[in-house]
file final-v1.cif (mmCIF, C-alpha atoms)
data_structure
loop_
_atom_site.label_atom_id
_atom_site.label_comp_id
_atom_site.auth_asym_id
_atom_site.auth_seq_id
_atom_site.Cartn_x
_atom_site.Cartn_y
_atom_site.Cartn_z
CA MET A 734 5.09 -2.58 40.49
CA SER A 735 5.92 -3.28 36.85
CA PRO A 736 3.05 -3.63 34.35
CA SER A 737 1.08 -6.86 34.27
CA LEU A 738 0.48 -9.18 31.33
CA LEU A 739 -3.03 -10.34 30.43
CA VAL A 740 -3.20 -13.85 28.97
CA LEU A 741 -6.40 -14.78 27.12
CA THR A 742 -6.89 -18.47 26.38
CA GLY A 743 -9.15 -19.85 23.68
CA ALA A 744 -11.97 -20.24 26.20
CA HIS A 745 -11.57 -16.61 27.32
CA VAL A 746 -11.59 -15.41 23.71
CA ASN A 747 -14.74 -17.39 22.94
CA ARG A 748 -16.49 -15.93 25.96
CA ILE A 749 -15.50 -12.39 24.96
CA THR A 750 -16.33 -12.65 21.26
CA SER A 751 -19.73 -14.20 22.01
CA SER A 752 -20.69 -10.73 23.23
CA PHE A 753 -19.81 -9.12 19.87
CA THR A 754 -22.87 -8.57 17.68
CA PRO A 755 -22.69 -8.94 13.90
CA ALA A 756 -23.23 -5.19 13.58
CA TYR A 757 -20.34 -4.37 15.91
CA LEU A 758 -17.98 -6.70 14.05
CA GLN A 759 -19.00 -5.30 10.66
CA SER A 760 -18.51 -1.76 11.92
CA LEU A 761 -15.04 -2.69 13.16
CA MET A 762 -14.06 -4.19 9.80
CA ALA A 763 -15.64 -1.31 7.87
CA ASP A 764 -13.31 1.09 9.68
CA VAL A 765 -10.31 -1.10 8.88
CA PHE A 766 -11.17 -1.46 5.19
CA ALA A 767 -11.82 2.29 4.91
CA LEU A 768 -8.42 2.95 6.46
CA VAL A 769 -6.69 0.62 3.99
CA SER A 770 -8.31 2.28 0.99
CA SER A 771 -8.06 5.86 2.26
CA GLN A 772 -4.34 5.52 2.83
CA SER A 773 -3.93 4.37 -0.77
CA GLU A 774 -6.16 7.20 -2.01
CA SER A 775 -4.42 9.94 -0.07
CA ASN A 776 -0.99 9.49 -1.64
CA PRO A 777 -0.75 6.48 -3.98
CA ASN A 778 2.79 7.40 -5.05
CA ASN A 779 4.11 7.61 -1.51
CA PRO A 780 1.91 5.57 0.81
CA THR A 781 4.38 5.92 3.71
CA SER A 782 4.03 9.71 4.01
CA ASN A 783 2.26 10.61 7.25
CA PRO A 784 0.83 7.11 7.65
CA THR A 785 -2.05 6.29 9.95
CA SER A 786 -1.12 2.62 9.95
CA TYR A 787 1.77 0.26 9.30
CA MET A 788 1.54 -3.16 7.69
CA PRO A 789 5.01 -4.48 6.75
CA GLN A 790 5.48 -7.73 4.87
CA ARG A 791 5.17 -10.83 6.97
CA ILE A 792 8.23 -12.85 7.91
CA VAL A 793 8.08 -16.55 7.05
CA PHE A 794 10.45 -19.40 7.83
CA PRO A 795 10.17 -23.19 8.18
CA THR A 796 10.47 -25.29 11.33
CA GLU A 797 10.44 -29.07 11.68
CA ASN A 798 6.69 -29.46 11.14
CA HIS A 799 5.37 -26.02 10.27
CA LYS A 800 5.75 -22.91 8.20
CA VAL A 801 5.73 -20.07 10.73
CA LEU A 802 4.37 -16.64 9.86
CA PHE A 803 5.13 -13.46 11.84
CA MET A 804 2.75 -10.61 10.97
CA PRO A 805 3.29 -7.24 12.70
CA SER A 806 0.76 -4.44 12.14
CA ARG A 807 -0.16 -1.11 13.67
CA ILE A 808 -3.16 1.23 13.56
CA CYS A 809 -1.85 4.44 15.07
CA ASP A 810 -4.98 5.41 16.99
CA MET A 811 -5.80 1.85 18.05
CA GLY A 812 -2.77 -0.28 18.82
CA THR A 813 0.19 -2.41 17.73
CA THR A 814 0.12 -6.18 17.42
CA MET A 815 2.02 -9.13 16.00
CA LYS A 816 0.22 -12.32 15.07
CA ILE A 817 2.19 -15.57 14.93
CA VAL A 818 0.68 -18.48 13.00
CA SER A 819 2.13 -21.95 12.47
CA VAL A 820 0.87 -23.64 9.30
CA PRO A 821 1.35 -27.45 9.37
CA THR A 822 3.44 -28.77 6.49
CA ASN A 823 1.97 -32.27 6.82
CA PRO A 824 -1.37 -32.42 4.94
CA GLY A 825 -2.54 -35.07 7.39
CA ASP A 826 -2.20 -32.73 10.37
CA LEU A 827 -5.80 -31.76 11.13
CA ARG A 828 -5.17 -30.10 14.50
CA GLY A 829 -5.73 -26.64 13.07
CA LEU A 830 -3.39 -23.66 12.99
CA PRO A 831 -1.74 -22.63 16.27
CA ALA A 832 -1.99 -18.84 16.43
CA SER A 833 -1.32 -16.15 19.01
CA THR A 834 -1.40 -12.37 18.89
CA ILE A 835 0.84 -10.15 20.99
CA VAL A 836 -0.68 -6.76 21.87
CA LEU A 837 1.64 -3.94 22.93
CA ASP A 838 0.91 -1.31 25.56
CA GLN A 839 0.67 2.06 23.81
CA ASP A 840 2.22 3.86 26.80
CA THR A 841 5.04 1.60 28.01
CA GLY A 842 5.81 -0.22 24.77
CA GLY A 843 5.80 -3.51 26.68
CA VAL A 844 3.64 -6.52 25.95
CA LYS A 845 0.16 -5.81 27.30
CA ALA A 846 -1.58 -9.04 26.36
CA ILE A 847 -1.14 -12.39 24.66
CA VAL A 848 -4.29 -13.57 22.92
CA ASN A 849 -5.12 -17.03 21.59
CA ALA A 850 -5.89 -16.18 17.96
CA ARG A 851 -6.95 -19.59 16.66
CA THR A 852 -10.52 -18.37 16.10
CA LEU A 853 -9.89 -14.64 15.66
CA THR A 854 -8.63 -14.81 12.08
CA ALA A 855 -11.78 -16.65 11.09
CA LEU A 856 -13.97 -14.21 13.02
CA ARG A 857 -12.51 -11.10 11.43
CA ASN A 858 -12.70 -12.69 7.98
CA ALA A 859 -16.31 -13.67 8.55
CA ALA A 860 -17.14 -10.13 9.69
CA GLY A 861 -15.66 -8.75 6.48
CA SER A 862 -17.57 -11.30 4.41
CA LEU A 863 -20.83 -10.48 6.17
CA LEU A 864 -20.18 -6.82 5.44
CA SER A 865 -19.80 -7.72 1.74
CA THR A 866 -23.14 -9.54 1.83
CA ASN A 867 -24.77 -6.50 3.38
CA LEU A 868 -23.24 -4.14 0.83
CA ILE A 869 -23.71 -6.02 -2.44
CA GLY A 870 -25.31 -9.38 -1.70
CA PRO A 871 -28.93 -10.53 -1.44
CA THR A 872 -31.18 -8.69 0.97
CA HIS A 873 -32.96 -11.85 2.12
CA PRO A 874 -30.67 -14.88 1.57
CA THR A 875 -32.47 -18.18 1.92
CA HIS A 876 -29.93 -20.93 1.24
CA ILE A 877 -26.20 -20.97 2.04
CA VAL A 878 -23.78 -23.48 0.53
CA ALA A 879 -20.38 -23.69 2.25
CA PHE A 880 -17.26 -25.60 1.19
CA GLY A 881 -14.81 -26.49 3.96
CA ALA A 882 -14.64 -27.85 7.49
CA GLY A 883 -12.60 -25.46 9.60
CA GLN A 884 -12.97 -22.36 11.77
CA GLN A 885 -13.55 -20.17 8.72
CA ILE A 886 -16.75 -21.98 7.73
CA LEU A 887 -17.91 -22.14 11.34
CA ALA A 888 -17.45 -18.39 11.82
CA HIS A 889 -19.03 -17.50 8.47
CA LEU A 890 -22.12 -19.62 9.04
CA ASP A 891 -22.44 -18.49 12.65
CA LEU A 892 -22.38 -14.79 11.76
CA HIS A 893 -24.67 -15.08 8.75
CA LEU A 894 -27.19 -17.05 10.81
CA LYS A 895 -27.15 -14.35 13.48
CA ALA A 896 -27.46 -11.60 10.89
CA TYR A 897 -30.30 -13.19 8.88
CA PRO A 898 -32.32 -15.25 11.39
CA GLU A 899 -35.60 -14.72 9.57
CA SER A 900 -34.64 -15.31 5.94
CA ILE A 901 -32.14 -18.19 5.95
CA ARG A 902 -34.07 -21.43 5.52
CA SER A 903 -31.38 -24.05 4.83
CA ILE A 904 -27.63 -24.67 4.84
CA THR A 905 -25.51 -27.19 2.94
CA ILE A 906 -21.93 -27.85 4.09
CA ILE A 907 -19.68 -29.71 1.67
CA ASN A 908 -16.28 -31.25 2.43
CA ARG A 909 -13.99 -33.90 1.00
CA SER A 910 -14.78 -36.21 3.91
CA MET A 911 -16.89 -36.36 7.04
CA ASN A 912 -13.78 -36.49 9.22
CA GLN A 913 -13.62 -35.67 12.92
CA ARG A 914 -12.75 -32.04 12.22
CA PHE A 915 -15.86 -31.71 10.07
CA ARG A 916 -18.08 -33.40 12.66
CA ASP A 917 -16.69 -31.18 15.43
CA MET A 918 -17.42 -28.08 13.38
CA VAL A 919 -21.02 -29.11 12.73
CA SER A 920 -21.48 -30.02 16.39
CA THR A 921 -20.18 -26.62 17.50
CA LEU A 922 -22.46 -24.82 15.06
CA ARG A 923 -25.46 -26.73 16.40
CA SER A 924 -24.49 -26.00 20.00
CA ARG A 925 -24.32 -22.27 19.22
CA HIS A 926 -27.79 -22.31 17.64
CA PRO A 927 -29.76 -24.80 19.76
CA THR A 928 -33.17 -23.38 18.86
CA SER A 929 -32.52 -22.78 15.15
CA SER A 930 -34.60 -25.05 12.94
CA VAL A 931 -32.17 -24.25 10.12
CA VAL A 932 -29.21 -25.73 11.98
CA GLN A 933 -31.05 -28.49 13.80
CA GLU A 934 -33.31 -29.70 10.97
CA ASN A 935 -32.33 -28.12 7.64
CA LEU A 936 -28.57 -28.54 7.63
CA GLN A 937 -27.33 -30.93 4.92
CA CYS A 938 -23.80 -32.37 4.90
CA LEU A 939 -22.27 -33.69 1.66
CA GLU A 940 -19.00 -35.36 0.71
CA TRP A 941 -17.45 -34.08 -2.48
CA THR A 942 -14.10 -34.34 -4.24
CA PRO A 943 -13.68 -31.61 -6.88
CA LEU A 944 -13.57 -32.67 -10.51
CA SER A 945 -10.25 -32.58 -12.30
CA SER A 946 -9.85 -29.31 -14.15
CA SER A 947 -9.51 -31.30 -17.37
CA THR A 948 -12.73 -33.26 -16.84
CA ALA A 949 -16.05 -31.99 -18.14
CA PRO A 950 -18.78 -32.15 -15.45
CA SER A 951 -21.15 -33.97 -17.78
CA GLN A 952 -18.64 -36.79 -18.23
CA THR A 953 -18.47 -37.72 -14.54
CA GLU A 954 -22.03 -37.35 -13.24
CA THR A 955 -22.31 -39.22 -9.92
CA PRO A 956 -24.85 -39.17 -7.09
CA ASN A 957 -22.52 -36.90 -5.12
CA SER A 958 -22.03 -34.48 -7.98
CA ARG A 959 -25.78 -34.34 -8.58
CA ASN A 960 -26.34 -33.51 -4.91
CA VAL A 961 -23.74 -30.75 -4.98
CA ARG A 962 -25.08 -29.33 -8.23
CA GLN A 963 -28.61 -29.36 -6.84
CA ALA A 964 -27.54 -27.59 -3.64
CA LEU A 965 -25.73 -24.89 -5.62
CA SER A 966 -28.67 -24.40 -7.97
CA SER A 967 -30.70 -22.72 -5.21
CA ALA A 968 -27.85 -20.98 -3.36
CA SER A 969 -28.24 -17.36 -2.31
CA ILE A 970 -24.75 -17.28 -0.80
CA ILE A 971 -21.79 -19.57 -1.60
CA ILE A 972 -18.81 -19.59 0.78
CA THR A 973 -15.54 -21.35 0.00
CA ALA A 974 -12.75 -21.75 2.56
CA THR A 975 -10.44 -24.49 1.30
CA PRO A 976 -6.84 -24.73 0.04
CA SER A 977 -8.00 -26.38 -3.20
CA ARG A 978 -5.76 -26.09 -6.26
CA ILE A 979 -8.53 -27.01 -8.67
CA PRO A 980 -12.00 -25.40 -8.90
CA LEU A 981 -14.45 -26.86 -6.40
CA PHE A 982 -17.32 -26.70 -8.90
CA PRO A 983 -17.93 -25.38 -12.43
CA SER A 984 -19.36 -21.92 -12.98
CA LEU A 985 -22.39 -23.32 -14.78
CA TRP A 986 -23.62 -24.83 -11.48
CA VAL A 987 -23.90 -21.38 -9.87
CA PRO A 988 -27.20 -19.55 -10.38
CA ASP A 989 -27.47 -15.92 -11.38
CA ASN A 990 -27.90 -13.50 -8.47
CA ALA A 991 -25.83 -15.63 -6.09
CA HIS A 992 -23.31 -13.88 -3.84
CA VAL A 993 -19.99 -15.78 -3.82
CA ILE A 994 -17.49 -15.36 -0.96
CA LEU A 995 -13.98 -16.71 -1.60
CA ILE A 996 -11.80 -17.06 1.49
CA GLY A 997 -9.53 -20.07 1.00
CA SER A 998 -6.86 -19.28 -1.57
CA TYR A 999 -3.75 -17.41 -0.48
CA THR A 1000 -1.15 -18.54 -3.02
CA LYS A 1001 -0.85 -18.27 -6.80
CA GLU A 1002 -1.37 -22.03 -7.13
CA MET A 1003 -4.69 -22.17 -5.25
CA LYS A 1004 -7.91 -21.82 -7.24
CA GLU A 1005 -11.22 -22.45 -5.49
CA VAL A 1006 -13.31 -21.45 -8.52
CA ASP A 1007 -12.80 -21.32 -12.27
CA ARG A 1008 -12.08 -18.21 -14.31
CA GLU A 1009 -15.53 -18.36 -15.87
CA LEU A 1010 -17.16 -17.69 -12.48
CA ILE A 1011 -14.83 -14.76 -11.79
CA LEU A 1012 -15.69 -13.22 -15.15
CA ARG A 1013 -19.43 -13.60 -14.50
CA ALA A 1014 -19.03 -11.10 -11.65
CA VAL A 1015 -17.76 -8.47 -14.11
CA SER A 1016 -19.79 -9.32 -17.21
CA SER A 1017 -22.87 -7.30 -18.04
CA GLU A 1018 -24.52 -5.66 -20.99
CA SER A 1019 -25.04 -2.45 -19.04
CA SER A 1020 -23.00 0.60 -19.97
CA GLU A 1021 -21.48 0.83 -16.50
CA SER A 1022 -18.88 -1.87 -15.97
CA PRO A 1023 -19.62 -4.06 -12.93
CA ARG A 1024 -16.89 -4.71 -10.41
CA LEU A 1025 -15.41 -7.53 -8.43
CA LEU A 1026 -15.23 -6.71 -4.70
CA VAL A 1027 -11.96 -7.46 -2.86
CA ASP A 1028 -10.43 -6.59 0.51
CA SER A 1029 -7.18 -5.35 -1.08
CA VAL A 1030 -6.47 -5.17 -4.81
CA ASP A 1031 -2.70 -5.38 -4.34
CA ALA A 1032 -2.91 -8.30 -1.91
CA CYS A 1033 -5.36 -10.25 -4.06
CA LEU A 1034 -3.29 -9.76 -7.21
CA GLY A 1035 -0.29 -11.07 -5.32
CA GLU A 1036 -1.90 -14.06 -3.61
CA ALA A 1037 -5.30 -15.06 -5.05
CA GLY A 1038 -4.72 -17.80 -7.61
CA GLU A 1039 -8.20 -17.66 -9.14
CA LEU A 1040 -7.93 -13.91 -9.80
CA LEU A 1041 -4.49 -14.30 -11.33
CA ASP A 1042 -5.89 -17.05 -13.57
CA ALA A 1043 -8.77 -14.78 -14.59
CA LEU A 1044 -6.31 -12.04 -15.57
CA ASP A 1045 -5.17 -14.32 -18.38
CA ALA A 1046 -8.79 -14.53 -19.54
CA GLY A 1047 -9.43 -10.80 -19.67
CA LEU A 1048 -10.01 -9.65 -16.09
CA SER A 1049 -8.41 -6.24 -15.52
CA ARG A 1050 -7.26 -4.48 -12.37
CA ASN A 1051 -9.74 -1.65 -12.85
CA GLN A 1052 -12.59 -4.17 -12.72
CA MET A 1053 -11.76 -4.75 -9.05
CA MET A 1054 -12.93 -2.49 -6.26
CA GLU A 1055 -11.83 -2.57 -2.64
CA ILE A 1056 -14.54 -2.91 -0.04
CA GLY A 1057 -12.97 0.08 1.70
CA GLU A 1058 -13.66 2.20 -1.39
CA VAL A 1059 -17.34 1.32 -1.13
CA ILE A 1060 -17.36 2.33 2.54
CA LEU A 1061 -15.59 5.63 1.77
CA GLU A 1062 -17.97 6.41 -1.09
CA ARG A 1063 -20.97 5.86 1.15
CA ARG A 1064 -19.44 8.05 3.84
CA ARG A 1065 -18.88 10.79 1.28
CA LYS A 1066 -22.61 10.55 0.54
CA GLY A 1067 -23.32 11.04 4.23
CA LEU A 1068 -24.31 7.43 4.86
CA GLY A 1069 -23.25 6.11 8.25
CA PHE A 1070 -22.99 2.51 9.38
CA ASP A 1071 -26.71 2.22 10.12
CA ASP A 1072 -27.50 3.26 6.56
CA TYR A 1073 -25.56 0.47 4.91
CA CYS A 1074 -26.10 -2.17 7.56
CA LEU A 1075 -29.88 -2.03 7.78
CA ARG A 1076 -30.64 -5.47 9.11
CA GLN A 1077 -28.57 -5.71 12.27
CA GLY A 1078 -28.67 -3.48 15.31
CA PHE A 1079 -25.82 -3.00 17.74
CA GLU A 1080 -27.62 -4.97 20.41
CA GLY A 1081 -28.66 -7.76 18.07
CA GLU A 1082 -32.20 -6.53 17.40
CA THR A 1083 -33.71 -6.69 13.94
CA ARG A 1084 -33.52 -3.26 12.38
CA THR A 1085 -36.12 -2.14 9.88
CA SER A 1086 -35.91 0.55 7.27
CA SER A 1087 -38.08 2.01 4.56
CA SER A 1088 -35.16 1.57 2.19
CA ASP A 1089 -34.90 -1.68 0.26
CA ALA A 1090 -31.33 -2.87 0.61
CA SER A 1091 -31.72 -5.01 -2.49
CA SER A 1092 -31.59 -1.82 -4.57
CA HIS A 1093 -27.98 -1.15 -3.61
CA ASP A 1094 -27.15 2.47 -4.37
CA PHE A 1095 -23.69 1.38 -5.46
CA GLN A 1096 -24.47 0.21 -8.98
CA ASN A 1097 -20.97 -1.02 -9.83
CA PHE A 1098 -21.97 -4.50 -8.69
CA ASN A 1099 -24.53 -5.46 -11.30
CA GLY A 1100 -23.05 -8.55 -12.93
CA PRO A 1101 -24.92 -11.85 -13.18
CA ILE A 1102 -23.41 -12.70 -9.77
CA THR A 1103 -21.69 -10.70 -7.05
CA LEU A 1104 -18.34 -11.86 -5.70
CA PHE A 1105 -16.11 -10.93 -2.77
CA LYS A 1106 -12.54 -12.23 -2.60
CA SER A 1107 -10.56 -11.85 0.63
CA VAL A 1108 -6.99 -12.86 1.37
CA GLY A 1109 -6.98 -11.01 4.68
CA VAL A 1110 -5.50 -7.67 5.69
CA GLY A 1111 -3.08 -7.43 8.62
CA LEU A 1112 -4.86 -4.39 10.05
CA GLN A 1113 -7.88 -6.61 10.66
CA ASP A 1114 -5.76 -8.48 13.22
CA VAL A 1115 -5.00 -5.25 15.06
CA ALA A 1116 -8.66 -4.29 15.21
CA ILE A 1117 -10.01 -7.64 16.39
CA ALA A 1118 -7.22 -8.30 18.91
CA CYS A 1119 -7.46 -4.82 20.45
CA ALA A 1120 -11.26 -5.13 20.58
CA VAL A 1121 -10.92 -8.44 22.45
CA VAL A 1122 -8.39 -7.05 24.93
CA ASP A 1123 -10.43 -3.89 25.51
CA ARG A 1124 -13.58 -5.93 26.14
CA ALA A 1125 -11.66 -8.27 28.48
CA GLU A 1126 -10.49 -5.29 30.53
CA GLU A 1127 -14.04 -3.95 30.71
CA MET A 1128 -15.36 -7.32 31.84
CA ARG A 1129 -12.61 -7.69 34.45
CA MET A 1130 -13.40 -4.23 35.80
CA ARG A 1131 -17.11 -5.02 36.10
CA GLU A 1132 -16.35 -8.32 37.81
CA ALA A 1133 -14.05 -6.57 40.29
CA GLU A 1134 -16.74 -3.99 41.08
CA ASP A 1135 -19.30 -6.77 41.60
CA ASP A 1136 -16.84 -8.83 43.72
CA GLU A 1137 -17.27 -11.81 41.42
CA VAL A 1138 -14.92 -14.72 42.13
CA GLY A 1139 -14.03 -17.61 39.87
CA GLY A 1140 -15.35 -16.16 36.63
CA GLU A 1141 -12.46 -13.88 35.77
CA VAL A 1142 -11.77 -13.16 32.12
CA GLY A 1143 -8.13 -13.91 31.41
CA VAL A 1144 -5.12 -14.69 33.54
CA LEU A 1145 -3.18 -11.71 34.89
CA VAL A 1146 0.57 -12.17 35.30
CA ASP A 1147 1.71 -9.49 37.74
CA GLY A 1148 5.12 -7.93 37.32
CA TYR A 1149 5.70 -9.55 33.94
CA ASP A 1150 7.70 -6.62 32.57
CA GLY A 1151 9.96 -6.32 35.62
CA VAL A 1152 13.69 -6.90 35.67
#

call {"tool": "encode", "arguments": {"input": "final-v1.cif", "output": "structure tokens"}}
result
Amino acid sequence: MSPSLLVLTGAHVNRITSSFTPAYLQSLMADVFALVSSQSESNPNNPTSNPTSYMPQRIVFPTENHKVLFMPSRICDMGTTMKIVSVPTNPGDLRGLPASTIVLDQDTGGVKAIVNARTLTALRNAAGSLLSTNLIGPTHPTHIVAFGAGQQILAHLDLHLKAYPESIRSITIINRSMNQRFRDMVSTLRSRHPTSSVVQENLQCLEWTPLSSSTAPSQTETPNSRNVRQALSSASIIITATPSRIPLFPSLWVPDNAHVILIGSYTKEMKEVDRELILRAVSSESSESPRLLVDSVDACLGEAGELLDALDAGLSRNQMMEIGEVILERRRKGLGFDDYCLRQGFEGETRTSSSDASSHDFQNFNGPITLFKSVGVGLQDVAIACAVVDRAEEMRMREAEDDEVGGEVGVLVDGYDGV
């Protein structure tokens, strides 16, 4: 019989990923980021020599209602995938981004699985962001402020709540309107954390339209702006996941010691924050220059509008450091995953340590704020999709051994690759 095809719907994917702990997801992304940076380190003049991964440029073309992106990637010892995403061209289309990932069989070369990837991009981004918080952010964050209403914000808040159940006391979510998409996101977050007093009682929702870049904040003080400014004034972590082309808030509203996570911008025209905030991450009177943390320097300098804007104001390439470089440096010091991810265990237990993670041993991140900018790396798609398929196969095997009926993970299409 020819090989079968495993089809994983959105419901299947949600069931599978609910079994992934924050620690497991961070470990997965740490390996990916280390691979990205190590490949650049090994031979920067010829990155294609003896590669351990492949990440060609995505293919993009328009259809009637969407811009379609085809993104093939391969990690040689893990798998080969291609993610297909359709980005609506109508700003009023709030149905989200249709996305699927094709996973190839390493042996036959045929298609092994098709995975609904609507939530996977957000999940792998959130895992990378959580890793940045663990590496350079606050040890005990108390208040999170999030801008946006989609899967990215849902995944980021969900993972941070799971990772810091004891310290997080309140959350503020800010969006341009309390539309149905926003309400659905909040409802889903509450359903995932039914016993959390943070989500059930201390979650604030605010409407906010960003100020024009030419308007001074003091000239347009409104009740809404005061509420947003007040929320930001006590923020431990600020997460932005919007396509905004003007800064969502001025730098002066952000307190020192905040950890800022920028996820939304992916074109030169998009700018979620102003250049002043970017420069605060790299400004210090210490002799050792602080750094701005990114997933990929090359990708961010090609796609992140706020970083490109900050270049005109004095930001330099050597003030950016890839998160993979931090991972590699820690590994060279003999630090494993448990040493730089002290607060989450692989089974979800709270891990304790005599070390104080607030005294990060990587002193390059000592500006008034810390900042992580991510535009996404294609190898993250390989890692998360292969992890989902592998876990699905494990779950199917256990169910078969236990003679379970009706709760199968995925739909198996027999003989798919036959003639």

call {"tool": "closest_atom_pairs", "arguments": {"input": "final-v1.cif", "of": "stretch 1097-1141 of chain A", "to": "stretch 998-1011 of chain A", "cutoff": "12 Å", "atoms": "only C-alpha atoms", "output": "tab-separated table"}}
result
residue	atom	partner	partner_atom	distance
A:Gly1100	CA	A:Ile1011	CA	10.4
A:Pro1101	CA	A:Leu1010	CA	9.7
A:Ile1102	CA	A:Leu1010	CA	8.4
A:Thr1103	CA	A:Ile1011	CA	9.3
A:Leu1104	CA	A:Ile1011	CA	7.6
A:Phe1105	CA	A:Ile1011	CA	9.9
A:Lys1106	CA	A:Ser998	CA	9.1
A:Ser1107	CA	A:Ser998	CA	8.6
A:Val1108	CA	A:Tyr999	CA	5.9
A:Gly1109	CA	A:Tyr999	CA	8.8
A:Val1110	CA	A:Tyr999	CA	11.7

call {"tool": "residues_around", "arguments": {"input": "final-v1.cif", "residues": "stretch 766-770 of chain A", "least_positions_apart": "4", "cutoff": "6 Å", "atoms": "only C-alpha atoms", "output": "PDB file with C-alpha atoms, in the frame of the given file"}}
result
ATOM      1  CA  GLY A1057     -12.970   0.080   1.700  1.00  0.00           C
ATOM      2  CA  GLU A1058     -13.660   2.200  -1.390  1.00  0.00           C
ATOM      3  CA  LEU A1061     -15.590   5.630   1.770  1.00  0.00           C
TER       4      LEU A1061
END

call {"tool": "resolve_selection", "arguments": {"input": "final-v1.cif", "expression": "the PyMOL selection byres ((chain A and resi 736) around 9)", "output": "list in words"}}
result
Met734, Ser735, Ser737, Leu738, Thr841, Gly843, Val844, Lys845, Val1146, Asp1147, Gly1148, Tyr1149, Asp1150 and Gly1151 of chain A

call {"tool": "axis_aligned_box", "arguments": {"input": "final-v1.cif", "around": "stretch 932-935 of chain A", "padding_each_side": "4 Å", "output": "JSON"}}
result
{"center_x": -31.3, "center_y": -27.7, "center_z": 10.7, "size_x": 12.1, "size_y": 12.0, "size_z": 14.2}

call {"tool": "atom_distance", "arguments": {"input": "final-v1.cif", "atom1": "atom CA of A:Val1030", "atom2": "atom CA of A:Arg1063"}}
result
19.2 Å

call {"tool": "resolve_selection", "arguments": {"input": "final-v1.cif", "expression": "the PyMOL selection byres ((chain A and resi 871) around 8)", "output": "PDB file with C-alpha atoms, in the coordinates of the input"}}
result
ATOM      1  CA  THR A 866     -23.140  -9.540   1.830  1.00  0.00           C
ATOM      2  CA  ASN A 867     -24.770  -6.500   3.380  1.00  0.00           C
ATOM      3  CA  ILE A 869     -23.710  -6.020  -2.440  1.00  0.00           C
ATOM      4  CA  GLY A 870     -25.310  -9.380  -1.700  1.00  0.00           C
ATOM      5  CA  THR A 872     -31.180  -8.690   0.970  1.00  0.00           C
ATOM      6  CA  HIS A 873     -32.960 -11.850   2.120  1.00  0.00           C
ATOM      7  CA  PRO A 874     -30.670 -14.880   1.570  1.00  0.00           C
ATOM      8  CA  SER A 969     -28.240 -17.360  -2.310  1.00  0.00           C
ATOM      9  CA  ILE A 970     -24.750 -17.280  -0.800  1.00  0.00           C
ATOM     10  CA  ASN A 990     -27.900 -13.500  -8.470  1.00  0.00           C
ATOM     11  CA  ALA A 991     -25.830 -15.630  -6.090  1.00  0.00           C
ATOM     12  CA  HIS A 992     -23.310 -13.880  -3.840  1.00  0.00           C
ATOM     13  CA  SER A1091     -31.720  -5.010  -2.490  1.00  0.00           C
TER      14      SER A1091
END

call {"tool": "closest_residue", "arguments": {"input": "final-v1.cif", "among": "A:Glu940, A:Asp917, A:Glu1039, A:Asp1031", "to": "A:Ser977", "atoms": "all atoms listed in the file"}}
result
A:Glu1039

call {"tool": "atom_distance", "arguments": {"input": "final-v1.cif", "atom1": "atom CA of A:Leu887", "atom2": "atom CA of A:Leu837"}}
result
29.1 Å

call {"tool": "closest_residue", "arguments": {"input": "final-v1.cif", "among": "A:Met1054, A:Leu830, A:His889, A:Asp764", "to": "A:Arg851", "atoms": "only C-alpha atoms"}}
result
A:Leu830
